[in-house]
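**Student:** Structure below; questions to follow.
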Amino acid sequence: GVTGTTTTTFPITASTTVVWTYSDGINTSTQIQTVTIVDTTTPVVITKNITIQLNSLGNAAITTIDIDNGSTDNCGIASMTLDKNIFNCSNVGVNTVSLTVTDTSGNSASQTASVLVEVAPIVNVSNLSQQFCAVDQPLVSDISIPYRVLNWFADSLSTAVVLPLEVLRSGIYYAEVSINVCNTSRIPVTIIVNDEASPTGNAIQYFCRENKAAISDLITNEKEILWYDTASGGVPLDSDTLLEDKHKYYASYFDETCESSKRFEVEVVFNYCEVIINNGISANGDGKNDYFNIEGASTFKDNQLEIFNSWGSLVYEIKNYGQADNLFKGYANKGIRLGNGLLPFGTYYYVFSFTNHENKRITKKGFLHLNP
């Protein structure tokens, strides 16, 4: 019979030579066969997502080692490459990179990964919540953080810039700041604009004209009050500032942090709480002390004046004294002197009664001097 043997070697090269030898016991024949080994299996590429930070110059670099997460191949890996490995400020955020693995047979495969690029971390921002008083009319430019702010935004995605001179409101503002050479992602700053409620009380407050009322005499339902003579702005009035008739004053409430931005308006009205009697008449027509002057009489419309001579006879009587021309000028309207001209100079006795603001009847008595 014919017998045969083979000699096989598997070099690292892709081709292998096989030698076939045949013998019938007498004759021998040899044949050579070339066997080509082909690797068609692509590598298994495994990647991982990473986060990197830009340096002070705004740059960063990665290698395949940073992205590879255990890629394999049945015959061995020859090389790994990245389609992007250099990053700068324009790449801040999430970037997609591709890792390509090539085996020793030239087969290759690729897989993507995410590279989150960050600027230097934000540190020492302890004032990410700030409070203001509405009365101070705070502006966006008053927000303070330890970075150079490029722009403020009303939310994390808006492209509309909030201007520095806009009045602050309670809410979250987002700062785009510059760190080294890059702009950061937006920093949220919570703003609280505090305001106190406006004071309450009587909008018109009455005071006795004959007394000297001051700021300290104004009353509201609250105790912690500052008074101004303007509806906004200005400086608080001293507590001993004298009040003026028909003048408006403005109350602001305050606590340990803020003052109310809206002020409570109070109008001061002076009334006579009492009458002031000047008991001398100079009936000479010179325009001075020509009549019996009872200050405040017109305030108490329900009043009556009686004047008696030294014998106790009624020579003058009138109601609603001080109204219109109801004034005693030295002429009688009662008794035997009625219509006979000026009463004799001398001393007379008066009785003046009126109903006050508390609906009480008050009577004033005294002597009146009629002089030339």
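All residue names refer to the structure tokens as shown: chains lettered A, B, ... in order, residues numbered from 1 in each chain, ligands numbered from 1 in order.
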If we count only C-alpha atoms and set the cut-off at 8 Å, which residues sit around Asp66 of chain A, ignoring sequence neighbours fewer than 3 positions away in its own chain? Please answer as a count of residues only.
**Tutor:** 3
**Student:** With only C-alpha atoms as the counted atoms, please give the residues lying no more than 6 Å from segment 322-327 of chain A, apart from itself and same-chain residues fewer than 2 positions off, as a list in words.
**Tutor:** Ala297, Ser298 and Asn320 of chain A
**Student:** I'd like the neighbourhood of Ser232 of chain A as a ChimeraX atom specification, where a residue qualifies if any of its atoms comes within 9 Å (using only C-alpha atoms), though same-chain residues fewer than 5 positions away should be ignored.
**Tutor:** /A:250,261-263
**Student:** Taking the DSSP assignment computed from this structure's backbone, write out as a ChimeraX atom specification all residues of segment 54-273 of chain A that belong to strand (DSSP E or B).
**Tutor:** /A:60-61,68,72,77-82,86-87,93-103,108-118,129-133,139,148-153,161-162,167,171-179,182-183,187-194,204-208,214,225-228,242,248-254,259,264-271
**Student:** Rank A:Pro199, A:Trp311, A:Asp155, A:Ala175 by their smallest atom-to-atom distance to Asn221 of chain A, using only C-alpha atoms, and report the top residue only.
**Tutor:**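 Closest to Asn221 of chain A of all the choices is A:Pro199.
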**Student:** Within 12 Å of segment 84-95 of chain A, counting only C-alpha atoms, which residues qualify if same-chain residues fewer than 6 places away don't, as a ChimeraX atom specification?
**Tutor:** /A:49-67,112-120,178-186
**Student:** Which residues are near segment 128-137 of chain A? Cut-off 6 Å, only C-alpha atoms, ignore same chain within fewer than 6 positions. Put them as a list of chain:residue names.
**Tutor:**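 My list of contacting residues is A:Val189, A:Thr190, A:Ile191, A:Ile192, A:Val193, A:Asn194, A:Asp195, A:Cys258, A:Ser261.
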**Student:** Name the residues in contact with Leu218 of chain A at a cut-off of 9 Å, using only C-alpha atoms, excluding same-chain residues fewer than 4 positions from it; report them as a ChimeraX atom specification.
**Tutor:** /A:205,213-214,227,266,268
**Student:** Need to verify the contact set: Thr104 of chain A, 10 Å, only C-alpha atoms, exclusion of same-chain residues closer than 4 positions in sequence. Can you return it as an NGL selection string?
**Tutor:** :A and (39 or 43 or 73-79 or 108)
**Student:** Any chance you could export the current selection's all heavy atoms as an mmCIF file, in the first residue's frame?
**Tutor:**
```cif
data_model
loop_
_atom_site.group_PDB
_atom_site.id
_atom_site.type_symbol
_atom_site.label_atom_id
_atom_site.label_comp_id
_atom_site.auth_asym_id
_atom_site.auth_seq_id
_atom_site.Cartn_x
_atom_site.Cartn_y
_atom_site.Cartn_z
ATOM 1 N N ASP A 39 -6.907 35.707 8.778
ATOM 2 C CA ASP A 39 -7.631 36.156 9.999
ATOM 3 C C ASP A 39 -8.647 37.212 9.575
ATOM 4 O O ASP A 39 -8.290 38.320 9.164
ATOM 5 C CB ASP A 39 -6.628 36.737 10.998
ATOM 6 C CG ASP A 39 -7.331 37.319 12.207
ATOM 7 O OD1 ASP A 39 -8.536 37.024 12.429
ATOM 8 O OD2 ASP A 39 -6.687 38.096 12.957
ATOM 9 N N PRO A 43 -11.345 43.139 15.820
ATOM 10 C CA PRO A 43 -11.170 43.290 17.262
ATOM 11 C C PRO A 43 -12.501 43.643 17.952
ATOM 12 O O PRO A 43 -13.403 44.207 17.344
ATOM 13 C CB PRO A 43 -10.163 44.433 17.392
ATOM 14 C CG PRO A 43 -9.461 44.464 16.069
ATOM 15 C CD PRO A 43 -10.495 44.071 15.062
ATOM 16 N N ASP A 73 -8.549 41.094 20.869
ATOM 17 C CA ASP A 73 -8.560 40.530 19.514
ATOM 18 C C ASP A 73 -8.051 39.087 19.598
ATOM 19 O O ASP A 73 -7.197 38.763 20.430
ATOM 20 C CB ASP A 73 -7.676 41.348 18.567
ATOM 21 C CG ASP A 73 -7.761 40.841 17.150
ATOM 22 O OD1 ASP A 73 -8.774 41.163 16.476
ATOM 23 O OD2 ASP A 73 -6.838 40.132 16.724
ATOM 24 N N ASN A 74 -8.554 38.226 18.721
ATOM 25 C CA ASN A 74 -8.187 36.813 18.773
ATOM 26 C C ASN A 74 -6.724 36.553 18.407
ATOM 27 O O ASN A 74 -6.134 35.565 18.816
ATOM 28 C CB ASN A 74 -9.108 35.984 17.875
ATOM 29 C CG ASN A 74 -9.017 36.426 16.418
ATOM 30 O OD1 ASN A 74 -8.804 37.605 16.148
ATOM 31 N ND2 ASN A 74 -9.191 35.498 15.487
ATOM 32 N N CYS A 75 -6.152 37.456 17.602
ATOM 33 C CA CYS A 75 -4.767 37.252 17.173
ATOM 34 C C CYS A 75 -3.812 38.321 17.678
ATOM 35 O O CYS A 75 -2.620 38.286 17.359
ATOM 36 C CB CYS A 75 -4.697 37.198 15.654
ATOM 37 S SG CYS A 75 -5.467 35.728 14.946
ATOM 38 N N GLY A 76 -4.325 39.281 18.403
ATOM 39 C CA GLY A 76 -3.441 40.310 18.943
ATOM 40 C C GLY A 76 -3.713 41.680 18.346
ATOM 41 O O GLY A 76 -4.090 41.816 17.179
ATOM 42 N N ILE A 77 -3.552 42.708 19.171
ATOM 43 C CA ILE A 77 -3.795 44.091 18.755
ATOM 44 C C ILE A 77 -2.492 44.724 18.324
ATOM 45 O O ILE A 77 -1.486 44.669 19.027
ATOM 46 C CB ILE A 77 -4.422 44.885 19.900
ATOM 47 C CG1 ILE A 77 -5.824 44.327 20.237
ATOM 48 C CG2 ILE A 77 -4.521 46.365 19.568
ATOM 49 C CD1 ILE A 77 -6.450 44.945 21.461
ATOM 50 N N ALA A 78 -2.561 45.349 17.153
ATOM 51 C CA ALA A 78 -1.369 46.008 16.625
ATOM 52 C C ALA A 78 -1.315 47.476 17.024
ATOM 53 O O ALA A 78 -0.253 47.998 17.363
ATOM 54 C CB ALA A 78 -1.333 45.878 15.105
ATOM 55 N N SER A 79 -2.485 48.152 16.997
ATOM 56 C CA SER A 79 -2.471 49.589 17.296
ATOM 57 C C SER A 79 -3.858 50.059 17.734
ATOM 58 O O SER A 79 -4.875 49.416 17.444
ATOM 59 C CB SER A 79 -2.024 50.397 16.080
ATOM 60 O OG SER A 79 -2.972 50.272 15.026
ATOM 61 N N SER A 108 -9.797 45.994 11.644
ATOM 62 C CA SER A 108 -10.007 47.111 12.577
ATOM 63 C C SER A 108 -11.494 47.270 12.881
ATOM 64 O O SER A 108 -12.356 46.862 12.089
ATOM 65 C CB SER A 108 -9.441 48.414 12.011
ATOM 66 O OG SER A 108 -10.131 48.793 10.834
#
```
**Student:** Nearest to Ser105 of chain A: which of A:Tyr147, A:Glu256, A:Thr42, A:Trp152 is it, counting only C-alpha atoms?
**Tutor:**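 Closest to Ser105 of chain A, using only C-alpha atoms: A:Thr42.
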**Student:** Could you check how far atom CA of Lys329 of chain A sits from atom CA of Asp245 of chain A, in Å to one decimal?
**Tutor:** 29.4 Å
**Student:** Which one of A:Asn279, A:Ser141, A:Ser310, A:Asn69 sits closest to Gln111 of chain A if you count only C-alpha atoms?
**Tutor:**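 Residue with the minimum atom-to-atom distance to Gln111 of chain A: A:Asn69.
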**Student:** Between A:Tyr249, A:Phe264, A:Tyr174, A:Tyr349, which residue has the minimum interatomic distance to Ser198 of chain A, considering only C-alpha atoms?
**Tutor:**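 Answer, going by the shortest atom-to-atom distance: A:Phe264.
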**Student:** May I ask which of the residues A:Ser156, A:Thr230, A:Ser260, A:Asn371 is the closest one to Ser282 of chain A, counting only C-alpha atoms?
**Tutor:**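 Smallest distance to Ser282 of chain A is found for A:Asn371.
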**Student:** Considering only C-alpha atoms, state which residue in the set A:Asn127, A:Lys288, A:Phe354, A:Lys246 is at the smallest distance from Lys319 of chain A.
**Tutor:**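 Checking each of A:Asn127, A:Lys288, A:Phe354, A:Lys246 against Lys319 of chain A, counting only C-alpha atoms, the winner is A:Phe354.
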